Amino acid sequence: MISRRTSLLLATMAAAYAGPALASSSAWHEAEGGRVRLVTSGKADPEGRLKGTLQIELKPGWKTYWRDPGASGVPPSIDISANPLLVSAIIDFPAPEHHFDGTSTWAGYDQSVALPVTFHMRGSGSPGVIDAAVFLGICETICVPVQAKLAVDTTAEADDLDDAATVTSAWAALPGPATTEFGGKLVEADAKSVTVEIAAPTGTEKAELFLAGEEGYLLGLAKRSDPSGKLWKADIIARPKAKPANEGLHYTLVTPSGSVSGVLPYF
């Protein structure tokens with residue numbers, strides 16, 4: 001495991017270039033514990049949104065992180081600041097699992113995973129070549145930071161059937177949207193902890209709740225705080241002085257009958 005304070009330094013040591021853009025999928029970037037590439041498919045919609053996926057293939061015994069890996073670790077990120085026609089690249093995440101590394105418990109994946117990505121453009125049309133700087137952690141007994149420059153040409157082979165299948169499969173694997181009958185709601189937040197109440201159609205006894213600390217929030221592991229499993233509490237390790245302006249904190253609720261993701265209001 002590595003701390004967030006040292007992740008940027010380590011990333012520069014692991015930087016590499018994955019090759020030129022030849023099609024709507026990038027070349028694979030090879031790393032010690034696996035490999036990564038970026039795939040896009042189709043054309044942007046009228047709102048300037050283009051779907052893609054960050055494909056992470058892991059070697060046996062290796063793991064990678066969810067959007068919030070805990071107090072230490074490297075959450076996946078994509079920097080598209082080199083592209084003047086792009087506004088943002090938003091990553092979505094399939095349902096994670098808890099993993100214990102001998103010191104702490106964190107959220108992530110122990111099998112190959114594809115993370116859906118939405119590229120937002122300035123207006124309609126195509127951004128042409130996307131140059132993306134990708135940063136993530138791949139872990140076995142230690143965490144190896146991976147930084148790769150991945151390039152795709154969104155105008156070349158946009159209708160490639162294999163790329164389309166890869167992107168479609170990644171999006172189909174996402175949790176469903178949370179509802180009042182299946183999801184979570186903020187109950188209480190004080191100076192030390194936050195409490196969330198969950199609901200699930202098949203009961204909450206075997207549910208798992210994953211809370212993401214983002215935008216200056218750092219949260220401890222969410223744990224059941226009542227026998228029914230409906231109430232969950234997480235320690236607040238850090239929080240910003242002012243509430244951020246965007247939508248809120250992401251969470252994923254995992255049950256034996258399915259998973260959903262939603263957003264809790266900032267507190």
# chains A, B, ... in the order shown; residues from 1 in each chain; ligands from 1
call {"tool": "residues_around", "arguments": {"residues": "Val152 in chain A", "least_positions_apart": "4", "cutoff": "6 Å", "atoms": "only C-alpha atoms", "output": "VMD selection string"}}
result
chain A and resid 21 23 to 26 129 to 130
call {"tool": "residues_around", "arguments": {"residues": "Leu231 in chain A", "least_positions_apart": "4", "cutoff": "7 Å", "atoms": "only C-alpha atoms", "output": "PyMOL selection string"}}
result
chain A and resi 195-198+224-226
call {"tool": "closest_atom_pairs", "arguments": {"of": "range 122-216 of chain A", "to": "range 57-72 of chain A", "cutoff": "10 Å", "atoms": "only C-alpha atoms", "output": "tab-separated table"}}
result
residue	atom	partner	partner_atom	distance
A:Leu136	CA	A:Thr64	CA	7.7
A:Gly137	CA	A:Thr64	CA	5.9
A:Ile138	CA	A:Thr64	CA	4.8
A:Cys139	CA	A:Lys63	CA	5.1
A:Glu140	CA	A:Trp62	CA	4.6
A:Thr141	CA	A:Trp62	CA	8.3
A:Ile142	CA	A:Trp62	CA	9.5
A:Cys143	CA	A:Thr64	CA	8.8
A:Val144	CA	A:Thr64	CA	9.7
A:Phe210	CA	A:Asp68	CA	8.7
A:Leu211	CA	A:Asp68	CA	7.8
A:Ala212	CA	A:Asp68	CA	5.1
A:Gly213	CA	A:Asp68	CA	6.3
A:Glu214	CA	A:Asp68	CA	7.6
call {"tool": "write_last_selection", "arguments": {"atoms": "C-alpha atoms", "output": "short mmCIF file (atom, residue, chain, number, x, y, z; two decimals), in the first residue's frame"}}
result
data_model
loop_
_atom_site.label_atom_id
_atom_site.label_comp_id
_atom_site.auth_asym_id
_atom_site.auth_seq_id
_atom_site.Cartn_x
_atom_site.Cartn_y
_atom_site.Cartn_z
CA LEU A 136 -4.02 3.88 -10.99
CA GLY A 137 -2.62 1.38 -8.52
CA ILE A 138 -2.18 -2.36 -9.04
CA CYS A 139 -1.37 -4.32 -5.89
CA GLU A 140 -0.14 -7.75 -4.83
CA THR A 141 1.75 -7.69 -1.52
CA ILE A 142 2.76 -4.12 -2.34
CA CYS A 143 1.10 -1.47 -4.49
CA VAL A 144 2.65 -0.55 -7.82
CA PHE A 210 -19.26 1.42 0.34
CA LEU A 211 -18.95 5.17 0.99
CA ALA A 212 -16.59 7.27 -1.11
CA GLY A 213 -14.72 10.16 0.45
CA GLU A 214 -14.07 12.73 -2.27
#
call {"tool": "closest_residue", "arguments": {"among": "A:Ala27, A:Ala95, A:Leu249, A:Ala170", "to": "Ala148 in chain A", "atoms": "only C-alpha atoms"}}
result
A:Ala27
call {"tool": "select_by_dssp", "arguments": {"residues": "range 25-267 of chain A", "states": "helix (DSSP H, G or I)", "output": "PyMOL selection string"}}
result
chain A and resi 161-172
call {"tool": "residues_around", "arguments": {"residues": "Arg122 in chain A", "least_positions_apart": "6", "cutoff": "9 Å", "atoms": "only C-alpha atoms", "output": "JSON, numbers by chain"}}
result
{"A": [47, 48, 84, 85, 86, 87]}
call {"tool": "write_last_selection", "arguments": {"atoms": "C-alpha atoms", "output": "tab-separated table (two decimals), in the first residue's frame"}}
result
chain	number	residue	atom	x	y	z
A	47	GLU	CA	-24.85	16.67	-25.96
A	48	GLY	CA	-21.20	15.93	-26.74
A	84	PRO	CA	-8.73	21.41	-25.77
A	85	LEU	CA	-11.99	19.94	-27.14
A	86	LEU	CA	-12.69	17.90	-24.00
A	87	VAL	CA	-14.28	19.25	-20.82
call {"tool": "atom_distance", "arguments": {"atom1": "CA of Val117 in chain A", "atom2": "CA of Glu157 in chain A"}}
result
18.4 Å
call {"tool": "select_by_dssp", "arguments": {"residues": "range 81-225 of chain A", "states": "strand (DSSP E or B)", "output": "MDAnalysis selection string"}}
result
chainID A and resid 86:91 97:100 105:109 113:121 129:139 143:153 176:177 183:189 193:199 208:211 218:219 223:224
call {"tool": "residues_around", "arguments": {"residues": "Ala242 in chain A", "least_positions_apart": "3", "cutoff": "10 Å", "atoms": "only C-alpha atoms", "output": "PyMOL selection string"}}
result
chain A and resi 216+239+245+266-267
call {"tool": "closest_residue", "arguments": {"among": "A:Ala207, A:Ala234, A:Val263, A:Val167", "to": "Val194 in chain A", "atoms": "only C-alpha atoms"}}
result
A:Ala234
call {"tool": "residues_around", "arguments": {"residues": "range 199-201 of chain A", "least_positions_apart": "5", "cutoff": "9 Å", "atoms": "only C-alpha atoms", "output": "ChimeraX atom specification"}}
result
/A:179-185,207,230,253,255,257
call {"tool": "write_last_selection", "arguments": {"atoms": "C-alpha atoms", "output": "PDB file, in the first residue's frame"}}
result
ATOM      1  CA  THR A 179     -34.091   4.436  -5.272  1.00  0.00           C
ATOM      2  CA  THR A 180     -35.974   4.970  -2.016  1.00  0.00           C
ATOM      3  CA  GLU A 181     -36.740   1.222  -1.931  1.00  0.00           C
ATOM      4  CA  PHE A 182     -33.190   0.156  -2.789  1.00  0.00           C
ATOM      5  CA  GLY A 183     -30.509   2.580  -1.709  1.00  0.00           C
ATOM      6  CA  GLY A 184     -29.228   4.740   1.108  1.00  0.00           C
ATOM      7  CA  LYS A 185     -30.064   8.064   2.738  1.00  0.00           C
ATOM      8  CA  ALA A 207     -25.728  -5.983   2.529  1.00  0.00           C
ATOM      9  CA  LYS A 230     -30.196  -0.854   8.253  1.00  0.00           C
ATOM     10  CA  LEU A 253     -24.872  -0.675  -1.888  1.00  0.00           C
ATOM     11  CA  THR A 255     -26.605  -7.143  -1.783  1.00  0.00           C
ATOM     12  CA  SER A 257     -29.749  -9.805  -5.190  1.00  0.00           C
TER      13      SER A 257
END
call {"tool": "closest_residue", "arguments": {"among": "A:Glu205, A:Asp45, A:Glu30, A:Glu97", "to": "Trp232 in chain A", "atoms": "only C-alpha atoms"}}
result
A:Glu205
call {"tool": "residues_around", "arguments": {"residues": "Lys51 in chain A", "least_positions_apart": "6", "cutoff": "7 Å", "atoms": "only C-alpha atoms", "output": "list of chain:residue names"}}
result
A:Thr40, A:Ser41, A:Val117, A:Thr118, A:Phe119
call {"tool": "closest_residue", "arguments": {"among": "A:Ala238, A:Pro256, A:Val146, A:Ala151", "to": "Gly34 in chain A", "atoms": "only C-alpha atoms"}}
result
A:Val146
call {"tool": "residues_around", "arguments": {"residues": "Val134 in chain A", "least_positions_apart": "3", "cutoff": "7 Å", "atoms": "only C-alpha atoms", "output": "ChimeraX atom specification"}}
result
/A:77-79,147-149
call {"tool": "write_last_selection", "arguments": {"atoms": "N, CA and C atoms", "output": "short mmCIF file (atom, residue, chain, number, x, y, z; two decimals), in the first residue's frame"}}
result
data_model
loop_
_atom_site.label_atom_id
_atom_site.label_comp_id
_atom_site.auth_asym_id
_atom_site.auth_seq_id
_atom_site.Cartn_x
_atom_site.Cartn_y
_atom_site.Cartn_z
N SER A 77 -7.70 7.43 -12.08
CA SER A 77 -8.01 8.77 -12.58
C SER A 77 -7.57 8.90 -14.03
N ILE A 78 -8.22 9.82 -14.75
CA ILE A 78 -7.88 10.10 -16.14
C ILE A 78 -7.74 11.62 -16.30
N ASP A 79 -6.59 12.05 -16.75
CA ASP A 79 -6.32 13.47 -17.00
C ASP A 79 -6.42 13.71 -18.51
N GLN A 147 1.29 4.79 -14.26
CA GLN A 147 0.88 5.97 -15.03
C GLN A 147 1.17 5.69 -16.49
N ALA A 148 0.15 5.82 -17.32
CA ALA A 148 0.29 5.53 -18.74
C ALA A 148 -0.35 6.62 -19.57
N LYS A 149 0.29 6.97 -20.66
CA LYS A 149 -0.29 7.88 -21.63
C LYS A 149 -0.94 7.05 -22.73
#
call {"tool": "closest_residue", "arguments": {"among": "A:Leu50, A:Lys243, A:Ile91, A:Ala107", "to": "Leu221 in chain A", "atoms": "only C-alpha atoms"}}
result
A:Ala107
call {"tool": "closest_residue", "arguments": {"among": "A:Pro94, A:Gly262, A:Pro127, A:Gly203", "to": "Ser169 in chain A", "atoms": "only C-alpha atoms"}}
result
A:Pro94
